[in-house]
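Note: the block below is input.cif and it holds mmCIF, C-alpha atoms.
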data_input
loop_
_atom_site.label_atom_id
_atom_site.label_comp_id
_atom_site.auth_asym_id
_atom_site.auth_seq_id
_atom_site.Cartn_x
_atom_site.Cartn_y
_atom_site.Cartn_z
CA MET V 23 -9.82 -89.02 -61.45
CA ILE V 24 -12.32 -86.37 -60.39
CA GLY V 25 -15.85 -85.97 -61.65
CA TRP V 26 -19.42 -87.10 -61.53
CA GLU V 27 -21.70 -89.13 -63.74
CA HIS V 28 -25.13 -90.67 -63.82
CA PHE V 29 -25.69 -94.38 -64.30
CA PRO V 30 -28.92 -96.04 -65.42
CA HIS V 31 -31.38 -97.68 -63.09
CA ALA V 32 -34.90 -98.95 -63.90
CA ALA V 33 -37.17 -96.05 -62.81
CA ASP V 34 -34.68 -93.94 -60.88
CA ILE V 35 -31.18 -92.58 -61.51
CA GLY V 36 -27.76 -93.48 -60.21
CA VAL V 37 -25.41 -90.76 -59.01
CA ARG V 38 -21.67 -91.39 -58.90
CA GLY V 39 -18.84 -89.17 -57.69
CA ARG V 40 -15.10 -89.74 -57.99
CA GLY V 41 -12.21 -87.97 -56.33
CA PRO V 42 -8.85 -88.35 -54.62
CA SER V 43 -10.56 -88.53 -51.19
CA PRO V 44 -13.97 -89.52 -49.82
CA SER V 45 -14.73 -85.81 -49.30
CA ALA V 46 -13.97 -85.01 -52.95
CA ALA V 47 -16.05 -87.98 -54.17
CA PHE V 48 -18.97 -86.79 -51.99
CA GLU V 49 -18.65 -83.27 -53.46
CA GLN V 50 -18.69 -84.63 -57.00
CA ALA V 51 -21.70 -86.83 -56.28
CA ALA V 52 -23.51 -83.75 -54.96
CA LEU V 53 -22.86 -82.05 -58.31
CA GLY V 54 -24.29 -85.15 -59.96
CA LEU V 55 -27.37 -84.82 -57.75
CA THR V 56 -27.85 -81.23 -58.92
CA ALA V 57 -27.38 -82.39 -62.51
CA VAL V 58 -30.36 -84.72 -62.09
CA ILE V 59 -32.44 -81.54 -61.80
CA THR V 60 -30.62 -78.97 -63.95
CA PRO V 61 -27.14 -78.35 -65.36
CA PRO V 62 -24.99 -77.23 -62.38
CA ALA V 63 -23.50 -74.40 -64.47
CA LEU V 64 -26.92 -72.71 -64.43
CA VAL V 65 -26.92 -72.46 -60.62
CA ARG V 66 -25.36 -69.27 -59.30
CA PRO V 67 -23.37 -69.48 -56.04
CA GLN V 68 -25.26 -66.81 -54.07
CA GLU V 69 -26.23 -68.31 -50.71
CA THR V 70 -24.40 -70.81 -48.50
CA VAL V 71 -26.04 -73.43 -46.29
CA GLU V 72 -24.18 -75.42 -43.62
CA LEU V 73 -24.87 -79.13 -43.23
CA ARG V 74 -23.81 -81.76 -40.72
CA CYS V 75 -24.34 -85.53 -40.79
CA GLU V 76 -23.14 -88.42 -38.69
CA ALA V 77 -23.33 -92.13 -39.44
CA PRO V 78 -21.62 -95.33 -38.25
CA ARG V 79 -20.04 -96.09 -41.65
CA LEU V 80 -18.77 -94.10 -44.62
CA ASP V 81 -21.32 -95.57 -47.06
CA VAL V 82 -24.23 -94.72 -44.75
CA LEU V 83 -22.74 -91.24 -44.31
CA PHE V 84 -22.87 -90.81 -48.09
CA VAL V 85 -26.60 -91.61 -48.21
CA ASP V 86 -27.20 -89.27 -45.26
CA TRP V 87 -25.22 -86.51 -47.05
CA LEU V 88 -27.28 -86.74 -50.23
CA ASN V 89 -30.52 -86.91 -48.24
CA ALA V 90 -29.50 -83.82 -46.25
CA LEU V 91 -28.94 -81.99 -49.55
CA ILE V 92 -32.32 -83.14 -50.88
CA PHE V 93 -33.96 -81.92 -47.66
CA GLU V 94 -32.31 -78.49 -47.99
CA MET V 95 -33.23 -78.26 -51.68
CA THR V 96 -36.86 -79.06 -50.91
CA THR V 97 -37.39 -76.98 -47.78
CA ARG V 98 -35.48 -73.93 -49.02
CA SER V 99 -36.55 -74.24 -52.69
CA MET V 100 -32.88 -74.01 -53.65
CA LEU V 101 -30.39 -75.62 -55.98
CA PHE V 102 -26.68 -75.91 -55.20
CA SER V 103 -23.62 -75.79 -57.44
CA GLU V 104 -20.65 -75.60 -55.05
CA PHE V 105 -19.89 -78.01 -52.25
CA ARG V 106 -17.19 -78.23 -49.59
CA VAL V 107 -17.17 -81.46 -47.58
CA ARG V 108 -15.04 -82.35 -44.59
CA ILE V 109 -15.17 -85.86 -43.13
CA GLU V 110 -13.66 -86.70 -39.77
CA GLY V 111 -14.31 -90.21 -38.56
CA THR V 112 -18.07 -90.72 -38.66
CA GLU V 113 -18.97 -87.03 -38.95
CA LEU V 114 -19.42 -84.90 -42.05
CA THR V 115 -19.55 -81.11 -42.03
CA ALA V 116 -20.17 -79.27 -45.26
CA THR V 117 -21.32 -76.18 -47.04
CA ALA V 118 -23.52 -76.08 -50.11
CA THR V 119 -23.73 -72.85 -52.10
CA GLY V 120 -26.43 -72.02 -54.60
CA GLU V 121 -29.55 -70.00 -55.22
CA PRO V 122 -33.35 -70.20 -55.07
CA VAL V 123 -34.94 -72.19 -57.89
CA ASP V 124 -35.78 -70.09 -60.93
CA ARG V 125 -38.16 -72.31 -62.88
CA GLN V 126 -37.67 -70.45 -66.16
CA ARG V 127 -33.88 -70.43 -66.06
CA HIS V 128 -33.24 -73.78 -64.34
CA GLU V 129 -36.09 -75.69 -66.03
CA PRO V 130 -36.04 -78.42 -63.33
CA ALA V 131 -36.38 -81.86 -64.94
CA VAL V 132 -37.32 -83.91 -61.85
CA GLU V 133 -37.50 -83.61 -58.08
CA PRO V 134 -35.29 -86.04 -56.15
CA LYS V 135 -37.20 -87.74 -53.34
CA GLY V 136 -34.31 -89.45 -51.60
CA ALA V 137 -30.99 -91.24 -51.82
CA THR V 138 -31.29 -94.99 -51.37
CA PHE V 139 -29.08 -97.91 -50.40
CA THR V 140 -29.57 -99.40 -53.87
CA GLU V 141 -26.21 -99.95 -55.60
CA LEU V 142 -24.54 -98.12 -52.70
CA ARG V 143 -20.75 -98.14 -52.89
CA VAL V 144 -18.16 -95.96 -51.19
CA GLU V 145 -14.73 -97.39 -51.78
CA ARG V 146 -11.21 -96.77 -52.89
CA ASP V 147 -10.25 -98.12 -56.29
CA ALA V 148 -7.35 -97.71 -58.73
CA ASP V 149 -8.53 -94.20 -59.69
CA GLY V 150 -9.09 -92.86 -56.16
CA TRP V 151 -12.42 -92.84 -54.32
CA LEU V 152 -15.84 -93.74 -55.65
CA ALA V 153 -19.17 -92.82 -53.99
CA GLN V 154 -22.42 -93.91 -55.63
CA CYS V 155 -26.05 -94.82 -55.00
CA VAL V 156 -29.45 -94.67 -56.68
CA VAL V 157 -31.60 -91.61 -56.12
CA ASP V 158 -35.39 -91.98 -56.09
CA VAL V 159 -36.93 -89.38 -58.43
#
Written as structure tokens, how would this file's structure read?
Amino acid sequence: MIGWEHFPHAADIGVRGRGPSPSAAFEQAALGLTAVITPPALVRPQETVELRCEAPRLDVLFVDWLNALIFEMTTRSMLFSEFRVRIEGTELTATATGEPVDRQRHEPAVEPKGATFTELRVERDADGWLAQCVVDV
């Protein structure tokens, strides 16, 4: 099973990605992060940004990955719609492709402040891999 979804949380929003590998689940969760702001289909793949994270555990790496994306979105005033993630051991290298925010076309709903350890899960289940956490908005 591959895809992303949001799940409810009191004042914030949960982001969940699923895929056949941790990398694929992280990519799908990144799409879910974009979808918190605007429909990913509205974001044109025009500019690519490289990212790198390292953490002692896969679940912590997931939080670091989403926070790295939030940092790039904020500092570059960009949104991303395509992601390529590679995980080797405790290191993640990735590309995120998107475009500068166009407030009229994207109509951003909220601004994510950070990924949290709340409801954090990165695990294999019967459908493949699941990566999820709550994002502070």
Matched chain/residue IDs from the PyMOL selection byres ((chain V and resi 61-73) around 7), as a tab-separated table (two decimals) with C-alpha atoms, keeping the file's coordinate frame:
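Output contents, as saved in out-v8.tsv:
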chain	number	residue	atom	x	y	z
V	53	LEU	CA	-22.86	-82.05	-58.31
V	56	THR	CA	-27.85	-81.23	-58.92
V	57	ALA	CA	-27.38	-82.39	-62.51
V	60	THR	CA	-30.62	-78.97	-63.95
V	74	ARG	CA	-23.81	-81.76	-40.72
V	75	CYS	CA	-24.34	-85.53	-40.79
V	101	LEU	CA	-30.39	-75.62	-55.98
V	102	PHE	CA	-26.68	-75.91	-55.20
V	103	SER	CA	-23.62	-75.79	-57.44
V	104	GLU	CA	-20.65	-75.60	-55.05
V	115	THR	CA	-19.55	-81.11	-42.03
V	116	ALA	CA	-20.17	-79.27	-45.26
V	117	THR	CA	-21.32	-76.18	-47.04
V	118	ALA	CA	-23.52	-76.08	-50.11
V	119	THR	CA	-23.73	-72.85	-52.10
V	120	GLY	CA	-26.43	-72.02	-54.60
V	121	GLU	CA	-29.55	-70.00	-55.22
V	128	HIS	CA	-33.24	-73.78	-64.34
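Residue nearest Phe105 of chain V within the list V:Ala153, V:Ala33, V:Leu88, V:Met23: V:Leu88 [criterion: smallest interatomic distance, all atoms listed in the file].
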Q. Residues picked by the PyMOL selection byres ((chain V and resi 136) around 12) here, as a list in words?
A. Asp34, Ile35, Gly36, Val37, Leu55, Val85, Asp86, Trp87, Leu88, Asn89, Ala90, Leu91, Ile92, Phe93, Glu94, Met95, Thr96, Glu133, Pro134, Lys135, Ala137, Thr138, Phe139, Thr140, Cys155, Val156, Val157, Asp158 and Val159 of chain V
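Interatomic distance, atom CA of Thr112 of chain V against atom CA of Ala47 of chain V: 15.9 Å.
Among the candidates V:Met100, V:Leu152, V:Val123, V:Val132, the residue lying nearest to Glu27 of chain V is V:Leu152 (atoms considered: all atoms listed in the file).
Nearest residue to Val144 of chain V among V:Gly54, V:Gly39, V:Arg108, V:Glu76 is V:Gly39, counting all atoms listed in the file.
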Q | Selection dump of the PyMOL selection byres ((chain V and resi 149) around 10), as a PyMOL selection string | A | chain V and resi 23-24+40-42+146-148+150-152
Output file for the residues above (C-alpha atoms, as an mmCIF file, in the coordinates of the input):
data_model
loop_
_atom_site.group_PDB
_atom_site.id
_atom_site.type_symbol
_atom_site.label_atom_id
_atom_site.label_comp_id
_atom_site.auth_asym_id
_atom_site.auth_seq_id
_atom_site.Cartn_x
_atom_site.Cartn_y
_atom_site.Cartn_z
ATOM 1 C CA MET V 23 -9.820 -89.020 -61.450
ATOM 2 C CA ILE V 24 -12.320 -86.370 -60.390
ATOM 3 C CA ARG V 40 -15.100 -89.740 -57.990
ATOM 4 C CA GLY V 41 -12.210 -87.970 -56.330
ATOM 5 C CA PRO V 42 -8.850 -88.350 -54.620
ATOM 6 C CA ARG V 146 -11.210 -96.770 -52.890
ATOM 7 C CA ASP V 147 -10.250 -98.120 -56.290
ATOM 8 C CA ALA V 148 -7.350 -97.710 -58.730
ATOM 9 C CA GLY V 150 -9.090 -92.860 -56.160
ATOM 10 C CA TRP V 151 -12.420 -92.840 -54.320
ATOM 11 C CA LEU V 152 -15.840 -93.740 -55.650
#
Q. Quick one, how far is atom CA of Pro78 of chain V from atom CA of Ala32 of chain V?
A. 29.1 Å
**Q.** Among the residues V:Asp81, V:Pro44, V:Ser99, V:Val58, the one that comes closest to Pro122 of chain V [using all atoms listed in the file]
**A.** V:Ser99
Q: Figure out the distance between atom CA of Arg125 of chain V and atom CA of Ala46 of chain V, please, to one decimal in Å.
A: 29.1 Å
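Compared by their closest atoms to Ala77 of chain V, and using all atoms listed in the file, the residues V:Pro30, V:Glu141, V:Gln154, V:Gly111 rank with V:Gly111 nearest.
Counting only C-alpha atoms and comparing V:Thr97, V:Glu113, V:Trp26, V:Gln126, the residue that lies closest to Phe48 of chain V is V:Trp26.
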Test item: axis-aligned box, all listed atoms of segment 27-30 of chain V, 8 Å on each side, centre and edges in Å rounded to one decimal, as AutoDock Vina command-line options:
--center_x -25.3 --center_y -92.6 --center_z -64.6 --size_x 23.2 --size_y 22.9 --size_z 17.7
Output: chain V of the preceding structure, restricted to C-alpha atoms, written as a PDB file, in the first residue's frame.
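Produced file out.pdb, reproduced below:
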ATOM      1  CA  MET V  23       0.000   0.000   0.000  1.00  0.00           C
ATOM      2  CA  ILE V  24       1.375   3.393  -1.007  1.00  0.00           C
ATOM      3  CA  GLY V  25      -0.066   6.759  -0.106  1.00  0.00           C
ATOM      4  CA  TRP V  26      -0.475   9.461   2.449  1.00  0.00           C
ATOM      5  CA  GLU V  27      -3.231  10.650   4.728  1.00  0.00           C
ATOM      6  CA  HIS V  28      -3.907  13.054   7.541  1.00  0.00           C
ATOM      7  CA  PHE V  29      -5.183  11.934  10.913  1.00  0.00           C
ATOM      8  CA  PRO V  30      -6.879  14.120  13.522  1.00  0.00           C
ATOM      9  CA  HIS V  31      -5.151  15.578  16.530  1.00  0.00           C
ATOM     10  CA  ALA V  32      -6.483  18.186  18.984  1.00  0.00           C
ATOM     11  CA  ALA V  33      -5.021  21.484  17.670  1.00  0.00           C
ATOM     12  CA  ASP V  34      -2.496  20.150  15.177  1.00  0.00           C
ATOM     13  CA  ILE V  35      -2.550  17.610  12.334  1.00  0.00           C
ATOM     14  CA  GLY V  36      -1.180  14.121  11.928  1.00  0.00           C
ATOM     15  CA  VAL V  37       0.741  13.193   8.793  1.00  0.00           C
ATOM     16  CA  ARG V  38       1.026   9.551   7.752  1.00  0.00           C
ATOM     17  CA  GLY V  39       2.898   7.970   4.854  1.00  0.00           C
ATOM     18  CA  ARG V  40       2.800   4.365   3.666  1.00  0.00           C
ATOM     19  CA  GLY V  41       5.011   2.524   1.235  1.00  0.00           C
ATOM     20  CA  PRO V  42       6.886  -0.688   0.493  1.00  0.00           C
ATOM     21  CA  SER V  43      10.047   0.709   2.139  1.00  0.00           C
ATOM     22  CA  PRO V  44      10.901   3.319   4.785  1.00  0.00           C
ATOM     23  CA  SER V  45      12.107   5.622   1.984  1.00  0.00           C
ATOM     24  CA  ALA V  46       8.774   5.347   0.154  1.00  0.00           C
ATOM     25  CA  ALA V  47       6.808   5.934   3.385  1.00  0.00           C
ATOM     26  CA  PHE V  48       8.930   9.048   4.083  1.00  0.00           C
ATOM     27  CA  GLU V  49       8.246  10.326   0.539  1.00  0.00           C
ATOM     28  CA  GLN V  50       4.507   9.825   0.967  1.00  0.00           C
ATOM     29  CA  ALA V  51       4.510  11.541   4.358  1.00  0.00           C
ATOM     30  CA  ALA V  52       6.287  14.503   2.736  1.00  0.00           C
ATOM     31  CA  LEU V  53       3.413  14.724   0.235  1.00  0.00           C
ATOM     32  CA  GLY V  54       1.050  14.666   3.196  1.00  0.00           C
ATOM     33  CA  LEU V  55       3.023  17.546   4.727  1.00  0.00           C
ATOM     34  CA  THR V  56       2.581  19.575   1.536  1.00  0.00           C
ATOM     35  CA  ALA V  57      -1.123  18.707   1.559  1.00  0.00           C
ATOM     36  CA  VAL V  58      -1.439  20.342   4.977  1.00  0.00           C
ATOM     37  CA  ILE V  59      -0.670  23.609   3.162  1.00  0.00           C
ATOM     38  CA  THR V  60      -2.095  23.144  -0.349  1.00  0.00           C
ATOM     39  CA  PRO V  61      -3.055  20.307  -2.706  1.00  0.00           C
ATOM     40  CA  PRO V  62       0.260  18.827  -3.954  1.00  0.00           C
ATOM     41  CA  ALA V  63      -1.076  18.766  -7.532  1.00  0.00           C
ATOM     42  CA  LEU V  64      -0.974  22.580  -7.524  1.00  0.00           C
ATOM     43  CA  VAL V  65       2.791  22.623  -6.903  1.00  0.00           C
ATOM     44  CA  ARG V  66       4.860  22.604 -10.081  1.00  0.00           C
ATOM     45  CA  PRO V  67       8.161  20.675 -10.041  1.00  0.00           C
ATOM     46  CA  GLN V  68      10.471  23.518 -11.124  1.00  0.00           C
ATOM     47  CA  GLU V  69      13.364  23.666  -8.651  1.00  0.00           C
ATOM     48  CA  THR V  70      15.154  20.886  -6.771  1.00  0.00           C
ATOM     49  CA  VAL V  71      16.646  21.172  -3.288  1.00  0.00           C
ATOM     50  CA  GLU V  72      18.988  18.584  -1.766  1.00  0.00           C
ATOM     51  CA  LEU V  73      18.559  17.562   1.866  1.00  0.00           C
ATOM     52  CA  ARG V  74      20.553  15.419   4.258  1.00  0.00           C
ATOM     53  CA  CYS V  75      19.673  14.236   7.765  1.00  0.00           C
ATOM     54  CA  GLU V  76      21.227  11.851  10.233  1.00  0.00           C
ATOM     55  CA  ALA V  77      19.720  10.401  13.404  1.00  0.00           C
ATOM     56  CA  PRO V  78      20.369   7.443  15.718  1.00  0.00           C
ATOM     57  CA  ARG V  79      17.023   5.746  14.953  1.00  0.00           C
ATOM     58  CA  LEU V  80      14.638   5.527  12.013  1.00  0.00           C
ATOM     59  CA  ASP V  81      11.752   7.206  13.863  1.00  0.00           C
ATOM     60  CA  VAL V  82      13.939  10.163  14.883  1.00  0.00           C
ATOM     61  CA  LEU V  83      15.204  10.338  11.295  1.00  0.00           C
ATOM     62  CA  PHE V  84      11.590  10.707  10.144  1.00  0.00           C
ATOM     63  CA  VAL V  85      11.000  13.707  12.426  1.00  0.00           C
ATOM     64  CA  ASP V  86      14.310  15.231  11.288  1.00  0.00           C
ATOM     65  CA  TRP V  87      13.290  14.697   7.631  1.00  0.00           C
ATOM     66  CA  LEU V  88       9.977  16.500   8.020  1.00  0.00           C
ATOM     67  CA  ASN V  89      11.615  19.301  10.008  1.00  0.00           C
ATOM     68  CA  ALA V  90      14.271  19.706   7.301  1.00  0.00           C
ATOM     69  CA  LEU V  91      11.470  20.069   4.738  1.00  0.00           C
ATOM     70  CA  ILE V  92       9.662  22.614   6.905  1.00  0.00           C
ATOM     71  CA  PHE V  93      12.915  24.575   7.258  1.00  0.00           C
ATOM     72  CA  GLU V  94      13.431  24.603   3.478  1.00  0.00           C
ATOM     73  CA  MET V  95       9.798  25.590   2.860  1.00  0.00           C
ATOM     74  CA  THR V  96      10.090  28.485   5.302  1.00  0.00           C
ATOM     75  CA  THR V  97      13.524  29.825   4.399  1.00  0.00           C
ATOM     76  CA  ARG V  98      13.098  29.473   0.628  1.00  0.00           C
ATOM     77  CA  SER V  99       9.362  30.360   0.556  1.00  0.00           C
ATOM     78  CA  MET V 100       8.784  27.180  -1.444  1.00  0.00           C
ATOM     79  CA  LEU V 101       6.385  24.276  -1.618  1.00  0.00           C
ATOM     80  CA  PHE V 102       7.394  20.804  -2.797  1.00  0.00           C
ATOM     81  CA  SER V 103       5.479  18.149  -4.720  1.00  0.00           C
ATOM     82  CA  GLU V 104       8.095  15.525  -5.644  1.00  0.00           C
ATOM     83  CA  PHE V 105      10.401  13.733  -3.249  1.00  0.00           C
ATOM     84  CA  ARG V 106      13.168  11.171  -3.647  1.00  0.00           C
ATOM     85  CA  VAL V 107      14.469   9.697  -0.390  1.00  0.00           C
ATOM     86  CA  ARG V 108      17.383   7.346   0.134  1.00  0.00           C
ATOM     87  CA  ILE V 109      18.077   5.899   3.578  1.00  0.00           C
ATOM     88  CA  GLU V 110      21.312   4.113   4.396  1.00  0.00           C
ATOM     89  CA  GLY V 111      21.717   3.130   8.016  1.00  0.00           C
ATOM     90  CA  THR V 112      21.204   6.282  10.064  1.00  0.00           C
ATOM     91  CA  GLU V 113      21.601   8.724   7.158  1.00  0.00           C
ATOM     92  CA  LEU V 114      18.979  10.116   4.810  1.00  0.00           C
ATOM     93  CA  THR V 115      19.758  11.897   1.559  1.00  0.00           C
ATOM     94  CA  ALA V 116      16.936  13.313  -0.492  1.00  0.00           C
ATOM     95  CA  THR V 117      15.735  15.739  -3.094  1.00  0.00           C
ATOM     96  CA  ALA V 118      12.582  17.806  -2.904  1.00  0.00           C
ATOM     97  CA  THR V 119      11.282  19.452  -6.068  1.00  0.00           C
ATOM     98  CA  GLY V 120       8.789  22.279  -6.177  1.00  0.00           C
ATOM     99  CA  GLU V 121       8.343  25.980  -6.729  1.00  0.00           C
ATOM    100  CA  PRO V 122       8.138  29.308  -4.882  1.00  0.00           C
ATOM    101  CA  VAL V 123       4.847  29.899  -3.074  1.00  0.00           C
ATOM    102  CA  ASP V 124       2.238  31.628  -5.219  1.00  0.00           C
ATOM    103  CA  ARG V 125      -0.311  32.826  -2.672  1.00  0.00           C
ATOM    104  CA  GLN V 126      -3.087  33.257  -5.235  1.00  0.00           C
ATOM    105  CA  ARG V 127      -2.678  29.854  -6.873  1.00  0.00           C
ATOM    106  CA  HIS V 128      -1.630  27.781  -3.839  1.00  0.00           C
ATOM    107  CA  GLU V 129      -3.900  29.526  -1.306  1.00  0.00           C
ATOM    108  CA  PRO V 130      -1.823  28.239   1.656  1.00  0.00           C
ATOM    109  CA  ALA V 131      -4.123  27.049   4.454  1.00  0.00           C
ATOM    110  CA  VAL V 132      -1.608  26.948   7.335  1.00  0.00           C
ATOM    111  CA  GLU V 133       2.116  27.181   7.976  1.00  0.00           C
ATOM    112  CA  PRO V 134       3.682  24.098   9.570  1.00  0.00           C
ATOM    113  CA  LYS V 135       5.920  25.016  12.501  1.00  0.00           C
ATOM    114  CA  GLY V 136       7.501  21.638  13.130  1.00  0.00           C
ATOM    115  CA  ALA V 137       7.192  17.875  13.208  1.00  0.00           C
ATOM    116  CA  THR V 138       6.842  16.489  16.722  1.00  0.00           C
ATOM    117  CA  PHE V 139       7.377  13.199  18.533  1.00  0.00           C
ATOM    118  CA  THR V 140       3.644  13.039  19.278  1.00  0.00           C
ATOM    119  CA  GLU V 141       2.116   9.806  17.928  1.00  0.00           C
ATOM    120  CA  LEU V 142       5.459   9.072  16.241  1.00  0.00           C
ATOM    121  CA  ARG V 143       5.589   5.661  14.579  1.00  0.00           C
ATOM    122  CA  VAL V 144       7.907   4.268  11.925  1.00  0.00           C
ATOM    123  CA  GLU V 145       7.314   0.568  11.569  1.00  0.00           C
ATOM    124  CA  ARG V 146       6.652  -2.304   9.258  1.00  0.00           C
ATOM    125  CA  ASP V 147       3.135  -3.702   9.271  1.00  0.00           C
ATOM    126  CA  ALA V 148       1.085  -6.085   7.127  1.00  0.00           C
ATOM    127  CA  ASP V 149       0.765  -3.466   4.356  1.00  0.00           C
ATOM    128  CA  GLY V 150       4.440  -2.426   4.200  1.00  0.00           C
ATOM    129  CA  TRP V 151       5.961   0.536   6.024  1.00  0.00           C
ATOM    130  CA  LEU V 152       4.196   3.235   8.006  1.00  0.00           C
ATOM    131  CA  ALA V 153       5.729   6.603   9.003  1.00  0.00           C
ATOM    132  CA  GLN V 154       3.638   9.064  10.996  1.00  0.00           C
ATOM    133  CA  CYS V 155       3.766  11.915  13.503  1.00  0.00           C
ATOM    134  CA  VAL V 156       1.877  15.057  14.472  1.00  0.00           C
ATOM    135  CA  VAL V 157       2.875  18.330  12.850  1.00  0.00           C
ATOM    136  CA  ASP V 158       2.518  21.570  14.819  1.00  0.00           C
ATOM    137  CA  VAL V 159       0.637  24.130  12.697  1.00  0.00           C
TER     138      VAL V 159
END
